[in-house]
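So the structure is just underneath, and the comments pick up after that.
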Amino acid sequence: MNEKNLPDFGNTELAFRHLSDKDLGRGRLLFELLSRPWLVAVGSFMAKLALAIRFPISWAVKPTVYAQFCGGEHIAESEATIAMLYKHNVRTILDYSAEGVDSEKELDITCSEILKTVEAASEDPRHAFAVFKPSGLSTNGLLAKDKSKFSQTDQEAWSRVERRVRSICAATAEAGGRVLIDAEETWLQDAIDELAEDMMSDFNRETAVVYTTVQLYRHDRLDYLKDLATRAEESGFIVGIKLVRGAYMEKERERADRKGYPSPIQIDKKHTDADFDSALSFCLDNLDKVHLFAGSHNEISNLSLCEMMSDRGIENNDPRITFSQLLGMSDPITFNLAAHGYNVAKYVPYGPIREAMPYLIRRAKENSSVEGQTTRELTLIRKEVARRSQSISN
Ligand SMILES: Cc1cc2nc3c(=O)[nH]c(=O)nc-3n(C[C@H](O)[C@H](O)[C@H](O)COP(=O)(O)OP(=O)(O)OC[C@H]3O[C@@H](n4cnc5c(N)ncnc54)[C@H](O)[C@@H]3O)c2cc1C
């Protein structure tokens, strides 16, 4: 306990009480393996190769990385995860991550699947939000294309994209829910921003139903957030905002380098962290017109958000603020926040194993490359294993 009654992310008893000894053991083994970058590099290469030659890998992936980071192959199979999370006051965001879909038929299938997540969340308090990636509803080519250069065919395809996005937002509003629009690479993001702002303007008149995403590893996004809040106030809608640091840093830098334009990414991590903090604080200072969703695995950011709320006299369970982490990651943050009454939700990715592979490879790489994060998670898991065996022997 501390003066402001902030959560202690080092409290492993609260952090891992949702895990059986067996699950904790699996987590420990997995994070031990992920802490070896060379092993992750070899594993990722093998997984990509197996996918390319259609070699069956489900038997190896399902009980290991898939069980750690995904809910199940479909919504019904994710039920146990949803129930377990809710038992510990953590809500679910079902994340159907179809990646690299391109045909109109596949885009329609993704849209129907996302509508199923909206329906699953309807009147079920265990769910916090629905979510979608715009690149699951449009081809990347169309998102990236200059709208003023659209052909007749492009225009028709774009109308179908708008229709898919609108159908998800309308169904969410109808169900009294909320929906997050993920942020993607900069060359796709202008089109996504436009779509997201249109949807917020249409559906966020009374409260925030649609949330757009701002990536603070971009040096232009703090200003974008402030301008968006001003535009929203002028037009009379509430901004729903998911703040994240951003997932595509290497890709962004590499492309900017290759194409010879200035990198959209901050010059270093310190600048990203500073803008992330400023964005948190901006949202808290404008809560009447900006509702906040903080997606981060960074202990300091999560703790400073708690502290900023406390300093401003904002209740831990203020419905305008949600904390969030991904399933299988940063449980010490998630479950300690939940135990302190904050609104906290986990992204629960689900889908067929083959389709989840790119997501799993990203999680593996992220866990092996984020400085200190895996080490911290592993240290806490080891601490809890020791605490449990100590309490058995006492
Ligand atoms: C619930 C949730 C939803 C998410 N949704 C999205 C989304 O819609 N779109 C998206 O892009 N990402 C999304 N992410 C991923 C997120 O953007 C980060 O990649 C990830 O969470 C790691 O950042 P962090 O804040 O957790 O922690 P940290 O470990 O503190 O930060 C790592 C991040 O800092 C930034 N960074 C690292 N090194 C540097 C450097 N040298 N210079 C500048 N910046 C640097 C990068 O963004 C890196 O990912 C989401 C994450 C969560 C938890």
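Just so we're on the same page: first chain in the structure tokens is A, next is B, and so on; residues restart at 1 for each chain, and ligands are numbered from 1 in the order they show up.
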
Query raised in the report: Hey, which residues come within 9 Å of ligand 1 if we count only C-alpha atoms and all ligand atoms? Could you give them as number ranges by chain?
Result: A: 93, 132-133, 180-185, 212-218, 242-250, 265-273, 276, 293-302, 323-327, 329-330, 345-347, 366, 370-373

**Report entry** Who sits within 8 Å of region 353-359 of chain A, only C-alpha atoms, same chain under 6 positions skipped, as a list in words
**Finding:**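 So the residues in contact are Ala47, Leu51, Ser58, Val61, Lys62, Tyr66, Glu73, Ser97, Ala98 and Glu99 of chain A.
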
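Across the structure, CA of Asp108 (chain A) and CA of Ala191 (chain A) are spaced 19.0 Å apart.
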
**Report entry** Residues flagged strand (DSSP E) by DSSP in region 184-213 of chain A, as a list in words
**Finding:**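 Reading the DSSP output for region 184-213 of chain A, strand (DSSP E) covers Val210, Tyr211, Thr212 and Thr213 of chain A.
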
Based on the selection just made, write N, CA and C atoms of those residues as a compact mmCIF listing (two decimals), in the first residue's frame.
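part_14.txt was written with the following content:
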```
# COMPACT_ATOMS: atom_id res chain seq x y z
N VAL A 210 -17.49 5.08 -30.90
CA VAL A 210 -16.38 4.73 -31.79
C VAL A 210 -15.10 5.38 -31.26
N TYR A 211 -14.05 4.57 -31.16
CA TYR A 211 -12.75 5.06 -30.70
C TYR A 211 -11.74 4.92 -31.84
N THR A 212 -11.03 6.01 -32.12
CA THR A 212 -9.94 5.92 -33.09
C THR A 212 -8.63 5.71 -32.32
N THR A 213 -7.54 5.45 -33.03
CA THR A 213 -6.27 5.18 -32.34
C THR A 213 -5.20 6.18 -32.74
```

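Using only C-alpha atoms, the smallest distance between any of A:Leu284, A:Pro134, A:Pro125, A:Glu119 and Val101 (chain A) comes from A:Pro134.
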
Requested in this report: Rounded to one decimal place, report the CA of Leu287 (chain A)-CA of Ile321 (chain A) distance in Å.
Outcome: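 About the pair CA of Leu287 (chain A) and CA of Ile321 (chain A): they are 8.6 Å apart.
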
Requested in this report: Give the alpha helix (DSSP H) residues of region 194-332 of chain A, as assigned by DSSP on the backbone, as JSON, numbers by chain.
Outcome: {"A": [194, 195, 196, 197, 198, 199, 200, 201, 202, 203, 221, 222, 223, 224, 225, 226, 227, 228, 229, 230, 231, 232, 233, 234, 235, 249, 250, 251, 252, 253, 254, 255, 256, 257, 258, 259, 269, 270, 271, 272, 273, 274, 275, 276, 277, 278, 279, 280, 281, 282, 283, 284, 285, 299, 300, 301, 302, 303, 304, 305, 306, 307, 308, 309, 310, 311, 331, 332]}

Please report as CSV every residue of region 290-383 of chain A lying within 9 Å of region 34-38 of chain A, along with the nearest atom pair and their distance in Å (one decimal), using only C-alpha atoms.
```
residue,atom,partner,partner_atom,distance
A:Ala364,CA,A:Leu34,CA,6.3
A:Lys365,CA,A:Pro37,CA,7.7
A:Asn367,CA,A:Leu34,CA,6.2
A:Ser368,CA,A:Ser35,CA,5.1
A:Ser369,CA,A:Pro37,CA,7.0
A:Thr374,CA,A:Ser35,CA,6.3
A:Thr375,CA,A:Ser35,CA,7.0
A:Leu378,CA,A:Ser35,CA,8.7
```
